[in-house]
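All remarks here apply to the structure that follows.
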There are 2 protein chains.
Amino acid sequence: MFEFTLQAKDVGTAARLGQFTTPHGLVQTPVFMPVGTAGSVKGLTPDLVRSTGTQIILANTYHLALRPGAEIVAELGGLHQFTGWNDPILTDSGGYQVFSLAELVQIDEEGVSFRSHLDGAHLRLDPAEAMRIQNLLGADVIMVLDQCVRYPANREDVEAAMQRSIRWAAQCQAAHARQDQALFGIVQGGIHHDLRRQCAQALVELGFPGYAVGGLAIGETPGQMDAVLACVVPHLPADSPRYLMGVGRPIDILRAVARGIDMFDCVMPTRNGRNSFAFTSQGVVRLRNEEHKRSRQPLDPACECYTCRHFSRGYLRHMFLAGEMLGPILASLHNIAYYQSWMARIRRSIREGTLLDWLAEENQKEDRAAPLERT
Amino acid sequence: MFEFTLQAKDVGTAARLGQFTTPHGLVQTPVFMPVGTAGSVKGLTPDLVRSTGTQIILANTYHLALRPGAEIVAELGGLHQFTGWNDPILTDSGGYQVFSLAELVQIDEEGVSFRSHLDGAHLRLDPAEAMRIQNLLGADVIMVLDQCVRYPANREDVEAAMQRSIRWAAQCQAAHARQDQALFGIVQGGIHHDLRRQCAQALVELGFPGYAVGGLAIGETPGQMDAVLACVVPHLPADSPRYLMGVGRPIDILRAVARGIDMFDCVMPTRNGRNSFAFTSQGVVRLRNEEHKRSRQPLDPACECYTCRHFSRGYLRHMFLAGEMLGPILASLHNIAYYQSWMARIRRSIREGTLLDWLAEENQKEDRAAPLERT
């Protein structure tokens, strides 16, 4: 069911243009996946999400398994029917959220025990359970369970987690029961290039239809991330999609594309949108600021999203100050549209051979950019 | 600019079918106006509101005058351009909210002094100011400033407030500066039929393009409300629209239509929607209830709104339990659509002469209905 086709390779960088097929349609890469944590992209109807040019969304296994529960989602027809999003969906394994959100996490060779952050219930996640849950949820692309290590960490811990992640990947592969879902492996190894290489090679030996790079965007510098990608990507098969998990700012995405990455997800557009921060062609805009009080300008004059076509900055500011839901809704909508037009420009630049010039330009701008909440 | 045309009169009741023209389009009556308090129908884009069959919305002068301020709205192009709602809009005078929301309210013959519930600022509202603000906001229909009295109240207070409301209505008429806005009078007088009659006659003598019945739905019984309407309506001109402010449940609207009322507004569909209560053809549904956990049924199988076409009760319940914005959004959307299809049925019933039968049927059902938050 899952098939990745490489359509063009950039000359100046490792960027590629591709597409993959899923039971719920085609995805053009490089692609950005907005995050629909608990089964909705916060504040947006599926129609509004689609209007941004979004092709595929990510849903969080951890959140959905805790509430309403994978069995309930399955009873209600699986994730697509449940959420009303009939285009492709990817679920993560839940591992990352267990390590970042759950309480009293204990890891052993077989899996991870934790307490739900919602009600304190004792729960257990292991490779077989991660597969069982994701099989029930029914996304088009699913992820192996891996062990994430906080950054910074000592090399021994990173190596042990990486080795365990490889064993868990093999167990996930064995437990995965649905032919219509593509299971991706996840490369771990922190900022250690030899560990990353070792992990990539072991996963490729196991053989997956796609490969993710995990354990980044957790505190290392952009330079360290770039170096890891430069090291890992050459060890991944050219004819499989590569997914950089949890990244990131538009500039991070552009740089990673130049390293050969095809897929991205991040909460930045929605989380920042809810906090009144907007990504625009003129830089980051904080809509709560006094300066927008009398502004008749659209949020971004270069943007054609619903928000920018219908509302002024003055109105959007008022929505945030009045605590109206429409503020977070319209800002999230715009931010996703901004990301999607960024991705469309990336695909166009690869096609036209202008990616390297654009990247150089953005790298220069980057020094002047305002700092922004990262995750 | 404002013109009301009577199109049909019901045989069995005082109900009428009509339409009025405004600078922003035509409105078919009887009509229900969803409330967009601070410049948005909470949680809904104008497109979504329009998708429910909504023809005209109400915005609150009190909220908008406090934040962002009428001058700002005017600078940003007036309410229509500000909110992105280019169909008709009605603003109230702000009086009702001053009496119900503001602090330290002091009334004298010239107007009312109060402190903003937002920041405690000392403010003053009088007939000229109510007109100045509403002229700046720029709605198609605007309302005179009236004095509302809490229920229950003694007759002397009600009478004094009613007399003052008549004087204020005349002052509003004199101060009203825009030809493209229709100014409606408001009949006060509590539950006292002679006071209501007296007020109606005085206002008709002043002459307004439309007349509202105010000071109801504040604690009196449905029977008392019905009796007031039966008393007041015959004293209002047949060729002007009649607007019952702040009402109400679907059954209240149906009954009032049968008494000859043409226009309604109420926060019930949106406020209840945000609290997970939904109006359906099968009665009121509380979406948080356990019973919906595994339900693949739409919220209302008889409804064709976006919510009912795309989502199960199980999903909607999950959205509310997970605290996702999409729960309030989708339930509000459905509730407004329910109200609008209720109004469409009212208009159809008048055209077909079946209103009286339907009313009898609904009056019978009413005893079995679940209690519901009222305002």
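Lettering and numbering for the structure tokens are positional, with chains as A, B, ... in the shown order, residues counted from 1 in each chain, and ligands counted from 1 in the shown order.
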All in-order C-alpha pairs, least squares, chain B moved onto chain A. Output the fitted coordinates as a tab-separated table (two decimals) with C-alpha atoms, in the first residue's frame, please.
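Below is the file that was written, result-v3.tsv:
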```tsv
chain	number	residue	atom	x	y	z
B	1	MET	CA	0.00	0.02	0.01
B	2	PHE	CA	2.84	2.36	0.96
B	3	GLU	CA	5.11	3.41	-1.86
B	4	PHE	CA	7.67	6.21	-1.99
B	5	THR	CA	8.71	7.62	-5.34
B	6	LEU	CA	11.64	9.93	-5.77
B	7	GLN	CA	10.79	12.57	-8.36
B	8	ALA	CA	13.76	14.91	-8.41
B	9	LYS	CA	17.05	15.50	-6.62
B	10	ASP	CA	18.48	18.92	-5.98
B	11	VAL	CA	21.88	19.63	-7.51
B	12	GLY	CA	23.37	21.88	-4.89
B	13	THR	CA	22.08	20.07	-1.78
B	14	ALA	CA	20.85	16.64	-0.64
B	15	ALA	CA	17.23	17.82	-0.95
B	16	ARG	CA	14.78	15.65	-2.84
B	17	LEU	CA	11.29	15.94	-4.25
B	18	GLY	CA	9.14	12.87	-3.81
B	19	GLN	CA	5.74	11.47	-3.03
B	20	PHE	CA	4.34	8.57	-1.12
B	21	THR	CA	1.06	6.75	-1.46
B	22	THR	CA	-1.11	5.70	1.47
B	23	PRO	CA	-4.57	4.11	1.73
B	24	HIS	CA	-5.87	7.65	2.29
B	25	GLY	CA	-4.11	9.37	-0.57
B	26	LEU	CA	-0.91	10.77	-1.92
B	27	VAL	CA	1.60	12.94	-0.03
B	28	GLN	CA	4.04	15.27	-1.80
B	29	THR	CA	7.40	15.59	-0.04
B	30	PRO	CA	9.07	17.46	1.56
B	31	VAL	CA	5.98	17.65	3.75
B	32	PHE	CA	5.02	19.26	7.05
B	33	MET	CA	2.52	17.51	9.35
B	34	PRO	CA	0.55	19.69	11.78
B	35	VAL	CA	0.01	18.03	15.15
B	36	GLY	CA	-3.46	16.85	16.14
B	37	THR	CA	-2.48	15.66	19.60
B	38	ALA	CA	-5.71	14.29	20.98
B	39	GLY	CA	-7.52	13.82	17.70
B	40	SER	CA	-7.95	17.41	16.57
B	41	VAL	CA	-5.57	20.06	15.30
B	42	LYS	CA	-6.41	22.36	18.18
B	43	GLY	CA	-9.24	24.74	17.33
B	44	LEU	CA	-9.52	23.80	13.67
B	45	THR	CA	-12.12	21.80	11.78
B	46	PRO	CA	-10.71	19.31	9.25
B	47	ASP	CA	-11.98	21.60	6.49
B	48	LEU	CA	-9.97	24.52	7.84
B	49	VAL	CA	-6.86	22.33	8.19
B	50	ARG	CA	-7.31	21.17	4.60
B	51	SER	CA	-7.66	24.79	3.45
B	52	THR	CA	-4.06	25.44	4.55
B	53	GLY	CA	-2.69	22.93	2.04
B	54	THR	CA	-2.07	20.30	4.73
B	55	GLN	CA	-1.71	16.79	3.26
B	56	ILE	CA	-1.12	14.68	6.36
B	57	ILE	CA	-1.48	15.23	10.11
B	58	LEU	CA	0.19	13.62	13.12
B	59	ALA	CA	-1.75	12.27	16.07
B	60	ASN	CA	-0.24	11.31	19.44
B	61	THR	CA	-0.57	7.70	20.47
B	62	TYR	CA	0.12	8.50	24.12
B	63	HIS	CA	-2.74	11.01	24.39
B	64	LEU	CA	-5.22	8.90	22.43
B	65	ALA	CA	-4.33	5.68	24.28
B	66	LEU	CA	-4.97	7.42	27.59
B	67	ARG	CA	-8.13	9.14	26.40
B	68	PRO	CA	-10.46	8.00	24.88
B	69	GLY	CA	-8.45	4.75	24.53
B	70	ALA	CA	-7.39	2.94	21.36
B	71	GLU	CA	-10.27	0.45	21.60
B	72	ILE	CA	-12.79	3.29	21.62
B	73	VAL	CA	-11.16	4.93	18.59
B	74	ALA	CA	-11.24	1.56	16.80
B	75	GLU	CA	-14.89	1.03	17.71
B	76	LEU	CA	-15.66	4.49	16.36
B	77	GLY	CA	-14.19	3.50	13.00
B	78	GLY	CA	-10.48	4.24	13.49
B	79	LEU	CA	-8.67	7.58	13.55
B	80	HIS	CA	-9.78	8.77	10.11
B	81	GLN	CA	-13.48	8.29	10.69
B	82	PHE	CA	-13.16	9.33	14.35
B	83	THR	CA	-11.52	12.67	13.59
B	84	GLY	CA	-13.24	13.39	10.28
B	85	TRP	CA	-9.80	13.74	8.68
B	86	ASN	CA	-9.93	11.39	5.71
B	87	ASP	CA	-6.50	12.25	4.37
B	88	PRO	CA	-3.30	10.53	5.54
B	89	ILE	CA	-2.43	10.36	9.25
B	90	LEU	CA	0.78	9.40	11.05
B	91	THR	CA	0.88	8.31	14.70
B	92	ASP	CA	3.97	8.39	16.86
B	93	SER	CA	4.67	5.45	19.19
B	94	GLY	CA	3.85	7.24	22.42
B	95	GLY	CA	7.40	6.79	23.69
B	96	TYR	CA	8.42	10.44	23.52
B	97	GLN	CA	5.34	11.58	25.47
B	98	VAL	CA	5.82	8.89	28.10
B	99	PHE	CA	9.30	10.26	28.74
B	100	SER	CA	8.24	13.92	28.63
B	101	LEU	CA	4.71	13.97	30.11
B	102	ALA	CA	4.05	10.88	32.22
B	103	GLU	CA	5.05	10.50	35.87
B	104	LEU	CA	7.26	7.94	37.64
B	105	VAL	CA	8.67	6.55	34.43
B	106	GLN	CA	10.61	3.28	34.87
B	107	ILE	CA	12.37	1.70	31.95
B	108	ASP	CA	13.55	-1.87	31.69
B	109	GLU	CA	14.60	-4.06	28.80
B	110	GLU	CA	11.04	-5.09	28.00
B	111	GLY	CA	9.38	-1.71	28.03
B	112	VAL	CA	8.41	1.29	30.10
B	113	SER	CA	6.11	1.63	33.13
B	114	PHE	CA	4.59	4.98	33.97
B	115	ARG	CA	1.65	6.76	35.52
B	116	SER	CA	-0.82	8.64	33.38
B	117	HIS	CA	-0.48	12.42	33.69
B	118	LEU	CA	-4.30	12.55	33.54
B	119	ASP	CA	-5.37	10.32	36.40
B	120	GLY	CA	-2.24	8.69	37.81
B	121	ALA	CA	-3.20	5.24	36.51
B	122	HIS	CA	-0.33	2.72	36.31
B	123	LEU	CA	0.36	1.87	32.67
B	124	ARG	CA	2.85	-0.10	30.65
B	125	LEU	CA	4.12	0.47	27.14
B	126	ASP	CA	6.28	-2.05	25.30
B	127	PRO	CA	6.94	-2.74	21.62
B	128	ALA	CA	4.01	-5.16	21.23
B	129	GLU	CA	1.65	-2.78	23.03
B	130	ALA	CA	2.83	0.20	20.96
B	131	MET	CA	1.99	-1.83	17.84
B	132	ARG	CA	-1.32	-3.09	19.19
B	133	ILE	CA	-2.41	0.48	20.01
B	134	GLN	CA	-1.27	1.92	16.69
B	135	ASN	CA	-2.88	-0.96	14.79
B	136	LEU	CA	-6.14	-0.12	16.56
B	137	LEU	CA	-5.82	3.61	15.88
B	138	GLY	CA	-5.28	2.81	12.21
B	139	ALA	CA	-3.03	5.62	10.97
B	140	ASP	CA	-1.40	5.29	7.54
B	141	VAL	CA	2.12	5.61	8.94
B	142	ILE	CA	3.05	4.33	12.40
B	143	MET	CA	6.28	4.47	14.38
B	144	VAL	CA	8.36	1.98	16.33
B	145	LEU	CA	8.71	2.39	20.08
B	146	ASP	CA	12.08	3.90	20.91
B	147	GLN	CA	13.79	5.02	24.08
B	148	CYS	CA	14.39	8.74	24.27
B	149	VAL	CA	17.14	10.16	26.46
B	150	ARG	CA	17.07	13.67	27.83
B	151	TYR	CA	19.70	16.07	26.52
B	152	PRO	CA	22.39	16.48	27.74
B	153	ALA	CA	23.14	12.86	28.64
B	154	ASN	CA	26.34	10.86	29.00
B	155	ARG	CA	27.40	8.75	26.09
B	156	GLU	CA	26.86	5.44	27.88
B	157	ASP	CA	23.20	6.19	28.52
B	158	VAL	CA	22.70	7.35	24.95
B	159	GLU	CA	24.35	4.23	23.61
B	160	ALA	CA	22.37	1.88	25.83
B	161	ALA	CA	19.10	3.57	24.84
B	162	MET	CA	20.09	3.40	21.18
B	163	GLN	CA	20.89	-0.31	21.38
B	164	ARG	CA	17.63	-0.97	23.18
B	165	SER	CA	15.77	1.09	20.56
B	166	ILE	CA	17.16	-1.19	17.86
B	167	ARG	CA	15.96	-4.29	19.73
B	168	TRP	CA	12.55	-2.68	20.27
B	169	ALA	CA	12.39	-1.76	16.58
B	170	ALA	CA	12.84	-5.42	15.63
B	171	GLN	CA	10.15	-6.42	18.16
B	172	CYS	CA	7.79	-3.79	16.74
B	173	GLN	CA	8.40	-5.12	13.26
B	174	ALA	CA	7.50	-8.61	14.43
B	175	ALA	CA	4.39	-7.46	16.30
B	176	HIS	CA	3.05	-5.12	13.61
B	177	ALA	CA	-0.10	-6.76	12.27
B	178	ARG	CA	-1.56	-4.52	9.58
B	179	GLN	CA	-0.43	-4.55	5.95
B	180	ASP	CA	-2.15	-1.24	5.26
B	181	GLN	CA	0.01	0.67	7.75
B	182	ALA	CA	3.64	1.56	7.00
B	183	LEU	CA	5.92	1.11	10.04
B	184	PHE	CA	8.88	3.50	10.20
B	185	GLY	CA	12.08	2.89	12.15
B	186	ILE	CA	13.62	5.63	14.32
B	187	VAL	CA	17.34	6.43	14.42
B	188	GLN	CA	18.58	7.36	17.91
B	189	GLY	CA	22.11	8.07	19.15
B	190	GLY	CA	22.03	11.64	20.45
B	191	ILE	CA	24.70	13.94	19.11
B	192	HIS	CA	27.20	11.10	18.72
B	193	HIS	CA	27.83	10.55	15.05
B	194	ASP	CA	29.19	7.02	15.38
B	195	LEU	CA	26.17	5.96	17.44
B	196	ARG	CA	23.82	7.53	14.93
B	197	ARG	CA	25.58	5.75	12.08
B	198	GLN	CA	25.51	2.44	13.91
B	199	CYS	CA	21.80	2.81	14.65
B	200	ALA	CA	20.95	3.78	11.07
B	201	GLN	CA	22.81	0.79	9.69
B	202	ALA	CA	21.12	-1.62	12.10
B	203	LEU	CA	17.67	-0.30	11.23
B	204	VAL	CA	18.36	-0.43	7.49
B	205	GLU	CA	19.38	-4.02	7.97
B	206	LEU	CA	16.02	-4.70	9.60
B	207	GLY	CA	14.42	-2.92	6.66
B	208	PHE	CA	11.62	-0.35	7.04
B	209	PRO	CA	9.53	1.50	4.43
B	210	GLY	CA	10.66	4.78	6.02
B	211	TYR	CA	13.16	6.07	8.59
B	212	ALA	CA	12.84	8.77	11.20
B	213	VAL	CA	15.56	10.69	12.97
B	214	GLY	CA	14.47	10.96	16.61
B	215	GLY	CA	15.90	12.51	19.72
B	216	LEU	CA	16.66	15.89	18.17
B	217	ALA	CA	15.22	19.34	18.87
B	218	ILE	CA	15.51	18.58	22.59
B	219	GLY	CA	18.14	21.11	23.54
B	220	GLU	CA	21.10	20.65	21.21
B	221	THR	CA	22.18	23.58	19.02
B	222	PRO	CA	21.02	23.99	15.42
B	223	GLY	CA	24.60	23.30	14.39
B	224	GLN	CA	24.66	20.00	16.27
B	225	MET	CA	21.36	19.01	14.68
B	226	ASP	CA	22.66	19.85	11.24
B	227	ALA	CA	25.82	17.81	11.83
B	228	VAL	CA	23.81	14.79	12.97
B	229	LEU	CA	21.66	14.96	9.86
B	230	ALA	CA	24.70	15.31	7.61
B	231	CYS	CA	26.07	12.18	9.27
B	232	VAL	CA	22.90	10.05	9.37
B	233	VAL	CA	21.19	10.69	6.05
B	234	PRO	CA	23.87	9.12	3.83
B	235	HIS	CA	23.31	5.87	5.71
B	236	LEU	CA	19.59	5.80	4.95
B	237	PRO	CA	18.28	4.34	1.69
B	238	ALA	CA	17.63	6.89	-1.04
B	239	ASP	CA	14.36	5.23	-2.00
B	240	SER	CA	12.71	5.59	1.44
B	241	PRO	CA	11.29	8.72	3.03
B	242	ARG	CA	13.21	10.31	5.91
B	243	TYR	CA	11.35	11.97	8.75
B	244	LEU	CA	12.88	14.41	11.25
B	245	MET	CA	10.66	14.19	14.32
B	246	GLY	CA	9.46	17.26	16.19
B	247	VAL	CA	11.22	19.86	14.04
B	248	GLY	CA	10.85	22.78	13.98
B	249	ARG	CA	11.20	26.42	13.00
B	250	PRO	CA	10.85	27.14	9.27
B	251	ILE	CA	14.62	27.72	9.01
B	252	ASP	CA	15.31	24.36	10.73
B	253	ILE	CA	13.05	22.64	8.23
B	254	LEU	CA	14.72	24.33	5.27
B	255	ARG	CA	18.17	23.33	6.52
B	256	ALA	CA	17.06	19.74	7.15
B	257	VAL	CA	15.53	19.50	3.68
B	258	ALA	CA	18.92	20.50	2.30
B	259	ARG	CA	20.34	17.54	4.26
B	260	GLY	CA	17.87	15.18	2.58
B	261	ILE	CA	14.94	15.08	5.02
B	262	ASP	CA	11.44	14.59	3.56
B	263	MET	CA	8.99	14.78	6.48
B	264	PHE	CA	8.48	17.04	9.49
B	265	ASP	CA	6.05	17.61	12.34
B	266	CYS	CA	5.96	20.26	15.02
B	267	VAL	CA	3.56	21.91	17.45
B	268	MET	CA	5.14	25.33	16.82
B	269	PRO	CA	2.54	26.74	14.40
B	270	THR	CA	-0.42	25.78	16.60
B	271	ARG	CA	1.12	26.33	20.03
B	272	ASN	CA	2.56	29.69	19.06
B	273	GLY	CA	-0.69	30.62	17.33
B	274	ARG	CA	-2.63	29.99	20.53
B	275	ASN	CA	-0.20	32.31	22.31
B	276	SER	CA	-0.75	35.09	19.74
B	277	PHE	CA	2.58	34.59	17.97
B	278	ALA	CA	2.35	34.48	14.18
B	279	PHE	CA	4.87	33.51	11.54
B	280	THR	CA	4.80	35.98	8.67
B	281	SER	CA	6.83	36.90	5.63
B	282	GLN	CA	7.89	39.95	7.65
B	283	GLY	CA	9.06	37.94	10.64
B	284	VAL	CA	7.39	36.85	13.85
B	285	VAL	CA	4.45	39.01	14.94
B	286	ARG	CA	3.04	39.06	18.46
B	287	LEU	CA	-0.61	39.86	17.93
B	288	ARG	CA	-1.22	41.01	21.50
B	289	ASN	CA	1.14	43.92	21.02
B	290	GLU	CA	-0.23	47.46	21.35
B	291	GLU	CA	1.23	48.38	17.95
B	292	HIS	CA	-1.50	46.37	16.19
B	293	LYS	CA	-4.37	48.14	17.95
B	294	ARG	CA	-5.34	50.33	14.99
B	295	SER	CA	-3.83	48.22	12.24
B	296	ARG	CA	-6.04	47.57	9.24
B	297	GLN	CA	-3.28	45.44	7.69
B	298	PRO	CA	-3.71	41.72	7.28
B	299	LEU	CA	-1.50	39.58	9.49
B	300	ASP	CA	0.68	38.81	6.47
B	301	PRO	CA	0.07	40.69	3.21
B	302	ALA	CA	1.90	37.91	1.32
B	303	CYS	CA	-0.44	35.21	2.67
B	304	GLU	CA	-3.69	34.01	1.11
B	305	CYS	CA	-5.08	32.04	4.03
B	306	TYR	CA	-8.60	32.57	5.38
B	307	THR	CA	-7.26	34.68	8.27
B	308	CYS	CA	-5.25	37.00	6.06
B	309	ARG	CA	-8.03	37.37	3.48
B	310	HIS	CA	-10.68	38.40	6.02
B	311	PHE	CA	-9.23	39.99	9.14
B	312	SER	CA	-7.05	42.90	10.20
B	313	ARG	CA	-4.27	42.75	12.76
B	314	GLY	CA	-6.42	45.12	14.84
B	315	TYR	CA	-9.25	42.59	14.92
B	316	LEU	CA	-6.93	39.67	15.70
B	317	ARG	CA	-5.36	41.62	18.56
B	318	HIS	CA	-8.84	42.39	19.91
B	319	MET	CA	-9.78	38.70	19.78
B	320	PHE	CA	-6.73	37.79	21.88
B	321	LEU	CA	-7.26	40.61	24.37
B	322	ALA	CA	-10.95	39.79	24.73
B	323	GLY	CA	-10.11	36.12	25.33
B	324	GLU	CA	-12.21	35.08	22.33
B	325	MET	CA	-11.53	31.58	20.94
B	326	LEU	CA	-11.40	33.04	17.45
B	327	GLY	CA	-7.97	34.58	18.18
B	328	PRO	CA	-6.20	31.24	18.73
B	329	ILE	CA	-8.23	29.69	15.91
B	330	LEU	CA	-7.35	32.31	13.30
B	331	ALA	CA	-3.69	32.57	14.35
B	332	SER	CA	-3.24	28.76	14.34
B	333	LEU	CA	-4.88	28.60	10.94
B	334	HIS	CA	-2.56	31.24	9.57
B	335	ASN	CA	0.56	29.67	11.09
B	336	ILE	CA	-0.20	26.29	9.56
B	337	ALA	CA	-0.89	27.98	6.22
B	338	TYR	CA	2.44	29.79	6.58
B	339	TYR	CA	4.23	26.49	7.18
B	340	GLN	CA	2.47	24.87	4.24
B	341	SER	CA	3.34	27.67	1.88
B	342	TRP	CA	6.92	27.44	3.20
B	343	MET	CA	6.88	23.73	2.24
B	344	ALA	CA	5.35	24.53	-1.16
B	345	ARG	CA	8.17	27.00	-1.73
B	346	ILE	CA	10.68	24.33	-0.70
B	347	ARG	CA	9.23	21.89	-3.23
B	348	ARG	CA	9.20	24.61	-5.92
B	349	SER	CA	12.79	25.56	-5.12
B	350	ILE	CA	13.97	21.97	-5.48
B	351	ARG	CA	12.15	21.68	-8.81
B	352	GLU	CA	13.68	24.94	-10.00
B	353	GLY	CA	17.13	24.39	-8.53
B	354	THR	CA	17.03	27.53	-6.37
B	355	LEU	CA	17.09	25.92	-2.93
B	356	LEU	CA	20.74	26.59	-2.20
B	357	ASP	CA	20.43	30.33	-2.90
B	358	TRP	CA	17.34	30.60	-0.77
B	359	LEU	CA	18.98	28.68	2.07
B	360	ALA	CA	21.96	31.05	2.02
B	361	GLU	CA	19.60	34.01	2.19
B	362	GLU	CA	17.62	32.55	5.11
B	363	ASN	CA	20.77	31.64	7.00
B	364	GLN	CA	21.76	35.31	6.82
B	365	LYS	CA	18.35	36.49	8.04
B	366	GLU	CA	18.43	33.99	10.89
B	367	ASP	CA	20.73	36.16	13.02
B	368	ARG	CA	18.16	38.92	13.05
B	369	ALA	CA	15.17	36.71	13.90
B	370	ALA	CA	13.23	37.17	17.14
B	371	PRO	CA	13.49	34.32	19.64
B	372	LEU	CA	10.40	32.15	19.80
B	373	GLU	CA	9.01	29.46	22.04
B	374	ARG	CA	10.45	26.28	20.63
B	375	THR	CA	8.30	23.30	21.54
```
Give me, as a ChimeraX atom specification, the residues of region 11-170 of chain A that a backbone DSSP run labels alpha helix (DSSP H).
/A:46-51,61-66,70-75,78-83,95-100,127-137,155-170
As JSON, numbers by chain, please: every residue in region 254-313 of chain B that DSSP puts in strand (DSSP E).
{"B": [263, 264, 265, 266, 277, 278, 279, 280, 283, 284, 285, 286]}
